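Q: Sharing target-v5.txt below, compact mmCIF, C-alpha atoms:
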```
# COMPACT_ATOMS: atom_id res chain seq x y z
CA MET A 250 68.39 110.82 92.77
CA SER A 251 70.10 113.89 91.28
CA ARG A 252 73.88 113.90 91.39
CA ARG A 253 73.61 117.68 91.61
CA ARG A 254 71.84 117.39 94.94
CA PHE A 255 73.51 119.50 97.63
CA GLY A 256 72.86 118.99 101.32
CA ALA A 257 74.33 119.82 104.64
CA LEU A 258 77.58 117.89 104.43
CA THR A 259 80.17 117.90 107.11
CA ALA A 260 83.74 117.62 107.21
CA VAL A 261 86.32 115.36 106.09
CA VAL A 262 89.39 115.26 107.97
CA ALA A 263 92.97 115.25 108.52
CA THR A 264 96.31 114.35 109.74
CA ALA A 265 99.47 112.69 110.87
CA ALA A 266 100.47 109.19 111.73
CA ALA A 267 102.78 110.33 114.48
CA LEU A 268 100.20 112.29 116.41
CA VAL A 269 99.03 109.57 118.76
CA ALA A 270 101.90 110.31 121.08
CA CYS A 271 101.56 114.09 120.81
CA SER A 272 99.93 116.50 123.19
CA PRO A 273 96.93 118.52 121.95
CA ALA A 274 99.11 121.58 121.62
CA ASP A 275 101.74 119.71 119.62
CA ALA A 276 99.11 118.29 117.29
CA GLY A 277 97.72 121.71 116.44
CA SER A 278 94.22 121.55 117.93
CA SER A 279 91.95 124.53 117.33
CA SER A 280 93.10 126.80 120.16
CA SER A 281 95.05 129.18 117.92
CA SER A 282 94.14 131.86 115.44
CA GLY A 283 95.12 131.85 111.80
CA GLU A 284 95.50 134.52 109.17
CA GLY A 285 92.90 137.25 109.11
CA GLY A 286 91.19 136.08 112.29
CA THR A 287 90.48 132.59 111.03
CA LYS A 288 90.53 129.66 113.43
CA LYS A 289 93.19 127.02 112.88
CA VAL A 290 91.91 123.45 112.92
CA THR A 291 93.54 120.14 112.10
CA MET A 292 91.99 117.44 109.95
CA GLN A 293 93.43 113.94 110.15
CA ILE A 294 92.71 111.89 107.04
CA ASP A 295 92.78 108.11 106.76
CA GLY A 296 95.80 106.67 104.99
CA SER A 297 97.55 109.01 102.57
CA ALA A 298 96.72 111.70 100.04
CA VAL A 299 94.48 110.22 97.35
CA PRO A 300 92.26 111.98 94.80
CA TYR A 301 89.11 110.46 96.34
CA TYR A 302 89.46 113.11 99.05
CA ALA A 303 88.83 115.75 96.39
CA PRO A 304 86.02 117.52 98.32
CA LEU A 305 88.45 118.32 101.13
CA TYR A 306 91.05 119.57 98.72
CA ALA A 307 88.46 121.61 96.83
CA ALA A 308 87.25 123.20 100.06
CA GLN A 309 90.81 124.33 100.71
CA LYS A 310 91.80 125.36 97.17
CA GLN A 311 88.54 127.17 96.42
CA GLY A 312 88.65 129.07 99.72
CA PHE A 313 85.50 127.54 101.19
CA PHE A 314 87.14 126.82 104.56
CA LYS A 315 88.54 130.35 104.72
CA ASN A 316 85.16 131.83 103.83
CA HIS A 317 83.73 130.05 106.86
CA GLY A 318 86.42 131.36 109.18
CA LEU A 319 88.71 128.31 109.22
CA GLU A 320 92.34 127.68 108.39
CA VAL A 321 92.61 123.92 107.92
CA GLU A 322 95.74 121.79 108.07
CA PHE A 323 95.64 118.30 106.55
CA THR A 324 97.72 115.48 107.94
CA TYR A 325 97.40 111.70 107.56
CA ALA A 326 97.36 108.64 109.78
CA GLN A 327 95.94 105.14 110.05
CA GLY A 328 92.29 104.83 111.04
CA ALA A 329 92.81 103.47 114.56
CA ASP A 330 95.34 106.22 115.32
CA ILE A 331 92.95 108.88 114.04
CA VAL A 332 90.21 107.76 116.41
CA GLN A 333 92.61 107.82 119.35
CA ASN A 334 93.91 111.27 118.40
CA VAL A 335 90.42 112.75 118.13
CA ALA A 336 89.30 111.14 121.39
CA ALA A 337 92.39 112.52 123.16
CA GLY A 338 91.92 116.01 121.72
CA ASN A 339 95.16 115.86 119.72
CA VAL A 340 93.36 116.82 116.51
CA ASP A 341 90.07 118.58 115.85
CA PHE A 342 88.52 116.33 113.23
CA GLY A 343 89.15 112.87 111.85
CA PHE A 344 88.15 111.01 108.69
CA PRO A 345 88.47 107.30 109.48
CA ASN A 346 86.40 104.34 108.35
CA GLY A 347 83.10 104.12 110.22
CA ASP A 348 83.67 100.52 111.29
CA SER A 349 86.82 101.47 113.22
CA VAL A 350 84.88 104.18 115.05
CA ILE A 351 82.31 101.63 116.26
CA THR A 352 85.03 99.24 117.39
CA ALA A 353 86.86 101.96 119.30
CA TYR A 354 83.68 103.33 120.89
CA ALA A 355 82.80 99.90 122.25
CA LYS A 356 86.27 99.77 123.84
CA GLY A 357 85.83 103.14 125.56
CA ILE A 358 87.62 105.30 122.98
CA LYS A 359 84.70 107.62 122.36
CA THR A 360 84.22 110.08 119.53
CA ASN A 361 81.14 111.55 117.87
CA VAL A 362 80.26 110.94 114.24
CA VAL A 363 79.32 114.44 113.14
CA HIS A 364 78.96 113.66 109.47
CA THR A 365 78.19 110.33 107.81
CA THR A 366 80.06 111.27 104.66
CA TYR A 367 79.92 107.87 102.99
CA GLN A 368 76.40 106.52 103.18
CA GLN A 369 77.64 103.01 102.39
CA GLY A 370 80.67 100.89 103.06
CA ILE A 371 83.17 100.45 100.26
CA GLY A 372 83.78 96.74 100.80
CA ALA A 373 83.09 94.22 98.05
CA LEU A 374 83.60 90.59 97.14
CA LEU A 375 85.92 90.64 94.11
CA PHE A 376 86.57 87.66 91.84
CA ARG A 377 87.90 86.93 88.37
CA ASP A 378 85.37 86.43 85.59
CA ASP A 379 86.78 82.98 84.90
CA SER A 380 86.45 81.84 88.53
CA GLY A 381 82.91 80.51 88.20
CA ILE A 382 81.84 82.71 91.11
CA LYS A 383 78.67 84.75 90.68
CA THR A 384 77.35 85.14 94.25
CA PRO A 385 78.69 84.48 97.77
CA ALA A 386 76.91 81.11 97.63
CA ASP A 387 79.60 80.04 95.14
CA LEU A 388 82.36 80.48 97.75
CA LYS A 389 81.76 77.03 99.23
CA GLY A 390 85.02 75.10 98.98
CA ARG A 391 86.90 78.15 97.70
CA LYS A 392 89.86 80.17 98.98
CA VAL A 393 88.92 83.71 99.98
CA GLY A 394 91.40 86.39 101.01
CA VAL A 395 90.91 89.08 103.67
CA THR A 396 93.49 91.41 105.16
CA ASP A 397 92.85 90.51 108.80
CA LEU A 398 90.49 88.34 110.85
CA GLY A 399 89.67 91.42 112.93
CA SER A 400 88.84 93.55 109.91
CA ALA A 401 85.49 94.88 108.75
CA ASN A 402 86.00 92.96 105.49
CA TYR A 403 86.11 89.67 107.42
CA ALA A 404 82.81 90.57 109.10
CA GLN A 405 81.38 91.37 105.67
CA LEU A 406 82.47 87.96 104.40
CA GLN A 407 80.79 86.27 107.35
CA ALA A 408 77.57 88.20 106.72
CA MET A 409 77.57 87.21 103.04
CA LEU A 410 78.07 83.54 103.86
CA ALA A 411 75.44 83.58 106.63
CA LYS A 412 72.79 85.04 104.32
CA GLU A 413 73.62 82.47 101.64
CA ASN A 414 73.57 79.61 104.20
CA VAL A 415 77.21 78.71 103.57
CA PRO A 416 79.02 77.64 106.77
CA LEU A 417 82.24 79.57 107.36
CA SER A 418 83.95 76.24 107.96
CA GLU A 419 83.35 75.32 104.31
CA VAL A 420 85.38 78.29 103.06
CA GLN A 421 89.16 78.47 103.26
CA VAL A 422 89.91 81.97 104.55
CA GLU A 423 93.43 83.30 104.05
CA THR A 424 94.86 86.51 105.52
CA ILE A 425 96.90 88.51 103.02
CA GLY A 426 98.52 91.93 103.45
CA THR A 427 96.90 95.01 101.95
CA GLY A 428 99.69 95.43 99.42
CA ALA A 429 99.44 91.86 98.13
CA ILE A 430 95.77 90.94 98.35
CA VAL A 431 94.69 92.15 94.90
CA ASP A 432 97.60 90.41 93.18
CA ALA A 433 96.75 87.22 95.10
CA MET A 434 93.33 87.22 93.45
CA LYS A 435 94.68 88.16 90.01
CA ASN A 436 97.31 85.42 90.13
CA GLY A 437 94.99 82.68 91.37
CA GLN A 438 96.49 82.34 94.85
CA VAL A 439 92.92 82.78 96.09
CA ASP A 440 89.63 82.53 94.25
CA ALA A 441 88.18 85.75 95.61
CA ILE A 442 88.91 88.57 98.04
CA VAL A 443 86.81 90.86 100.21
CA PHE A 444 88.38 94.27 99.86
CA SER A 445 87.69 97.79 98.58
CA ARG A 446 85.24 98.08 95.71
CA LEU A 447 87.43 100.84 94.29
CA ARG A 448 89.92 98.17 93.22
CA TYR A 449 87.25 96.81 90.86
CA TYR A 450 87.72 99.82 88.60
CA ALA A 451 91.51 99.67 88.78
CA LEU A 452 91.39 96.02 87.72
CA LEU A 453 89.06 96.75 84.81
CA GLN A 454 91.36 99.56 83.72
CA ALA A 455 94.26 97.10 83.79
CA GLY A 456 92.34 94.76 81.49
CA VAL A 457 91.52 92.16 84.16
CA GLY A 458 88.10 90.52 83.81
CA VAL A 459 86.59 90.89 87.27
CA GLY A 460 83.20 90.75 88.96
CA GLN A 461 82.01 92.18 92.24
CA VAL A 462 79.25 91.84 94.84
CA LEU A 463 78.88 94.83 97.15
CA SER A 464 79.20 93.99 100.84
CA ASP A 465 76.62 96.59 101.74
CA GLU A 466 73.93 94.39 100.19
CA TYR A 467 74.56 91.96 103.05
CA LEU A 468 75.86 94.07 105.92
CA PRO A 469 75.16 97.78 106.46
CA SER A 470 78.42 99.62 107.01
CA PHE A 471 80.02 102.97 106.36
CA GLY A 472 83.18 104.12 104.65
CA ASN A 473 84.92 107.31 105.69
CA ILE A 474 83.01 109.56 108.05
CA VAL A 475 83.85 112.70 110.02
CA ILE A 476 84.42 112.46 113.75
CA ALA A 477 85.06 115.00 116.50
CA ASN A 478 85.71 114.88 120.21
CA PRO A 479 82.39 114.81 122.15
CA GLU A 480 83.54 117.72 124.29
CA LYS A 481 84.24 119.76 121.16
CA VAL A 482 80.81 118.93 119.75
CA ASN A 483 79.20 120.18 122.97
CA SER A 484 81.36 123.25 123.59
CA ASP A 485 82.28 124.40 120.07
CA ALA A 486 79.42 123.36 117.82
CA GLU A 487 79.85 126.49 115.70
CA THR A 488 83.27 125.32 114.50
CA VAL A 489 81.79 121.95 113.58
CA LYS A 490 78.96 123.64 111.70
CA SER A 491 81.39 125.92 109.85
CA PHE A 492 83.51 122.97 108.88
CA ASN A 493 80.44 121.15 107.63
CA ALA A 494 79.29 124.12 105.59
CA ALA A 495 82.67 124.51 103.88
CA LEU A 496 82.90 120.82 103.13
CA ASN A 497 79.39 120.86 101.72
CA GLU A 498 80.60 123.40 99.24
CA GLY A 499 83.64 121.26 98.47
CA ILE A 500 81.51 118.22 97.74
CA GLN A 501 79.15 120.21 95.58
CA TYR A 502 82.09 121.67 93.70
CA VAL A 503 83.40 118.17 92.91
CA ILE A 504 79.96 116.97 91.81
CA ASP A 505 79.56 119.96 89.48
CA ASN A 506 83.16 120.04 88.23
CA VAL A 507 84.35 116.46 88.50
CA GLY A 508 86.96 116.64 85.75
CA GLU A 509 88.51 119.87 86.99
CA ALA A 510 88.39 118.65 90.61
CA THR A 511 90.07 115.37 89.67
CA ARG A 512 92.93 117.13 87.92
CA MET A 513 93.36 119.54 90.84
CA ALA A 514 93.40 116.75 93.44
CA ILE A 515 96.03 114.78 91.53
CA LYS A 516 98.23 117.73 90.55
CA ASP A 517 98.27 119.50 93.92
CA TYR A 518 97.76 116.73 96.47
CA ALA A 519 98.17 113.22 95.03
CA PRO A 520 100.74 113.40 92.18
CA THR A 521 101.45 109.64 92.37
CA PHE A 522 98.10 109.21 90.56
CA GLU A 523 99.27 111.19 87.54
CA GLY A 524 98.15 109.46 84.34
CA GLN A 525 95.05 107.97 86.00
CA GLU A 526 92.85 111.06 85.67
CA ALA A 527 90.21 109.40 83.47
CA GLN A 528 89.82 106.41 85.77
CA ILE A 529 89.61 108.57 88.92
CA GLU A 530 87.09 110.91 87.30
CA LEU A 531 84.89 107.93 86.41
CA ILE A 532 85.02 106.61 89.98
CA LEU A 533 84.26 110.00 91.53
CA ASP A 534 81.36 110.56 89.14
CA ASP A 535 79.78 107.10 89.11
CA VAL A 536 80.59 105.80 92.61
CA PHE A 537 81.18 108.66 95.02
CA ALA A 538 78.69 111.18 93.64
CA LEU A 539 75.89 108.70 93.04
CA THR A 540 76.17 106.03 95.76
CA LEU A 541 78.57 107.08 98.50
CA TRP A 542 77.89 110.76 99.09
CA GLN A 543 74.17 110.47 98.31
CA SER A 544 71.37 108.13 99.36
CA ALA A 545 67.64 108.12 100.03
CA ASP A 546 68.47 109.48 103.49
CA THR A 547 70.45 112.41 102.11
CA GLU A 548 67.67 113.15 99.64
CA GLU A 549 65.34 113.60 102.61
CA HIS A 550 67.66 115.02 105.28
CA GLY A 551 70.68 116.46 103.49
CA LEU A 552 74.20 115.29 102.76
CA GLY A 553 76.06 113.68 105.62
CA TYR A 554 72.94 112.57 107.45
CA GLY A 555 73.54 109.69 109.82
CA ASN A 556 70.69 107.19 109.90
CA VAL A 557 70.82 105.98 113.51
CA ASP A 558 68.84 102.81 112.75
CA ARG A 559 71.34 101.83 110.09
CA TRP A 560 74.24 102.60 112.40
CA ASN A 561 72.59 100.38 115.02
CA GLU A 562 72.46 97.53 112.48
CA SER A 563 76.19 97.91 111.93
CA ILE A 564 76.84 97.88 115.69
CA LYS A 565 74.75 94.74 116.15
CA ALA A 566 76.65 93.06 113.33
CA GLN A 567 79.98 93.77 115.03
CA VAL A 568 78.64 92.14 118.20
CA GLY A 569 77.28 89.19 116.25
CA PHE A 570 80.60 88.58 114.53
CA LYS A 571 82.51 89.06 117.80
CA LEU A 572 84.38 92.16 116.73
CA ILE A 573 83.11 93.93 119.86
CA ASP A 574 81.78 92.50 123.12
CA ASN A 575 78.90 94.80 124.02
CA GLU A 576 76.17 96.52 122.06
CA PHE A 577 75.46 100.23 122.54
CA ASN A 578 72.91 102.64 121.10
CA ALA A 579 74.11 104.53 118.05
CA ASP A 580 72.48 107.78 119.15
CA GLU A 581 75.17 108.04 121.83
CA MET A 582 77.78 108.22 119.10
CA VAL A 583 76.11 109.68 116.00
CA LYS A 584 75.31 113.39 116.14
CA ASN A 585 73.77 115.05 113.12
CA VAL A 586 75.37 118.46 113.61
CA ARG A 587 73.65 121.05 111.44
```
Just give me the structure of the file as structure tokens.

A:
Amino acid sequence: MSRRRFGALTAVVATAAALVACSPADAGSSSSSGEGGTKKVTMQIDGSAVPYYAPLYAAQKQGFFKNHGLEVEFTYAQGADIVQNVAAGNVDFGFPNGDSVITAYAKGIKTNVVHTTYQQGIGALLFRDDSGIKTPADLKGRKVGVTDLGSANYAQLQAMLAKENVPLSEVQVETIGTGAIVDAMKNGQVDAIVFSRLRYYALLQAGVGVGQVLSDEYLPSFGNIVIANPEKVNSDAETVKSFNAALNEGIQYVIDNVGEATRMAIKDYAPTFEGQEAQIELILDDVFALTLWQSADTEEHGLGYGNVDRWNESIKAQVGFKLIDNEFNADEMVKNVR
């Protein structure tokens, strides 16, 4: 598929960890007007400012949001808080991990996926080259680290083992905090971890011999996606469409100008990544542009397209691995707003 392919991509999103307790007015929802008649909207982004959110930053810096009548504020929060904020109307858009949106929806915290930004999950089985591990079948009798037994990565581990006919009871699973899990694998505390595939490149850059198996080969899932309140989708679809159009342009800008976009994202938004420009550019070019933002579905339907059948597979997996109690139909949640 062409990495220059441009489709109808939607929004990424914004905003602040403290917003869960705020009222919609306090959080800055889109009821006010900005400069020059633009509409103010808030975008709550998962985690913190990182250069992988370059399409959002490009849409702001290059004036794409403004050209589509929007004045966008970025804030940041944890994924579960983002979903709650969007559901409550505290923020206009959110950019959490897709797995957390499914989990929340099943528990009655309902939002609409208006843009399936990442066509795949970003989980992976990571292991040192000298571990003797080549596939998940080699995990029998090994120590494997995950961040939490309620996490999507734990479900991905279970799916890998199930497809390789390795009983979970024959693997020693250890929970390790996000800040320590990579070092635990590097230092031999565990034999492998299921974590973000982006750490694979950081480890290679650091001179660590490491291998990976992508979780998506065993369990369909989604990384960051754009969500909105269902009421907003129904009553203010034009704002959603405008946001999508601007973000489409941001993504295309990054694909066409990856080096310039990387430098801009680090300099203006994520300065803690200074000195890592070459590594980030490689990841944006080889991972995000080719496998996360684009897929066979986006080739046919446009960027951000949500394949409902694939979403249903992910929902069924969460039921099967007891992350949620009841199955629901993905077309209730996934709305391909164009």

Q: Counting only C-alpha atoms, which residues in range 490-548 of chain A sit no more than 10 Å from range 318-340 of chain A? For each one, give the nearest pair of atoms and the distance in Å, sorted by chain then residue number, as CSV.

A:
```
residue,atom,partner,partner_atom,distance
A:Ser491,CA,A:Gly318,CA,7.4
A:Phe492,CA,A:Leu319,CA,7.5
A:Ala495,CA,A:Leu319,CA,8.9
```

Q: Quick one: write out the picked residues with C-alpha atoms as a compact mmCIF listing (two decimals), in the frame of the given file?

A:
```txt
# COMPACT_ATOMS: atom_id res chain seq x y z
CA SER A 491 81.39 125.92 109.85
CA PHE A 492 83.51 122.97 108.88
CA ALA A 495 82.67 124.51 103.88
```

Q: Just how far from CA of Ser380 in chain A is CA of Gly458 in chain A, in Å to one decimal?

A: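 Atom-to-atom, CA of Gly458 in chain A to CA of Ser380 in chain A, that is 10.0 Å.
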
Q: So that I can see what lies close to range 346-353 of chain A, please list as a PyMOL selection string the residues with an atom at most 7 Å from it, counting all atoms listed in the file and leaving out residues fewer than 4 positions away in the same chain.

A: chain A and resi 328-329+332+357-359+401+470-474+564+573

Q: Taking all atoms listed in the file into account, name the residue in A:Leu539, A:Val393, A:Met582, A:Val568 that is nearest to Tyr367 in chain A.

A: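 Of A:Leu539, A:Val393, A:Met582, A:Val568, the one nearest Tyr367 in chain A is A:Leu539, counting all atoms listed in the file.
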
Q: Skip range 502-516 of chain A itself and residues of its chain fewer than 5 positions away, then list as JSON, numbers by chain all residues within 6 Å of it, counting all atoms listed in the file.

A: {"A": [300, 303, 530]}

Q: Suppose we keep C-alpha atoms; can you now write the selection as a PDB file, in the frame of the given file?

A:
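Result file follows (selection35.pdb):
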```
ATOM      1  CA  PRO A 300      92.260 111.980  94.800  1.00  0.00           C
ATOM      2  CA  ALA A 303      88.830 115.750  96.390  1.00  0.00           C
ATOM      3  CA  GLU A 530      87.090 110.910  87.300  1.00  0.00           C
TER       4      GLU A 530
END
```

Q: Measuring atom to atom with all atoms listed in the file, identify which of A:Asp546, A:Thr291, A:Ile500, A:Ile430 is nearest to Leu533 in chain A.

A: A:Ile500

Q: Can you work out the spacing between CA of Lys435 in chain A and CA of Pro345 in chain A in Å, to one decimal?

A: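 That distance, rounded to one decimal, is 28.0 Å.
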
Q: Between CA of Lys356 in chain A and CA of Ile294 in chain A, what is the distance, to one decimal in Å?

A: 21.7 Å

Q: Pick the closest to Ala433 in chain A from A:Trp560, A:Tyr449, A:Phe376, A:Phe313: which is it, counting all atoms listed in the file?

A: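 Ranked by minimum distance to Ala433 in chain A, first place goes to A:Phe376.
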
Q: Which residues are close to Gln438 in chain A, i.e. within 12 Å by all atoms listed in the file, leaving aside same-chain residues fewer than 2 positions away? Reply as an MDAnalysis selection string.

A: chainID A and resid 376:377 380 391:394 421:425 429:436 440:442

Q: Of the candidates A:Asp387, A:Glu526, A:Asp465, A:Asp341, which one gets nearest to Val420 in chain A if we count all atoms listed in the file?

A: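 The closest residue to Val420 in chain A is A:Asp387.
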
Q: Go through A:Thr365, A:Phe537, A:Thr384, A:Thr360 one by one, measure the shortest atom-to-atom distance of each to Glu480 in chain A using only C-alpha atoms, and give the residue with the smallest value.

A: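 Looking at the shortest contact to Glu480 in chain A, the residue is A:Thr360.
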
Q: Please check which residues have atoms at most 12 Å from (81.9, 120.3, 101.8) in the file's coordinates, counting only C-alpha atoms, and write them as number ranges by chain.

A: A: 255-262, 302-309, 311-314, 317, 364, 366, 475, 489-504, 542, 551-553

Q: For Leu468 in chain A, which of A:Glu548, A:Asp379, A:Glu523, A:Glu562 is the closest residue, counting all atoms listed in the file?

A: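 Once distances to Leu468 in chain A are computed over all atoms listed in the file, the minimum belongs to A:Glu562.
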
Q: Taking (79.0, 120.6, 120.2) in the file's own coordinates, collect the residues within 12 Å, counting only C-alpha atoms, and hand them back as a ChimeraX atom specification.

A: /A:360-363,476-491,584-587
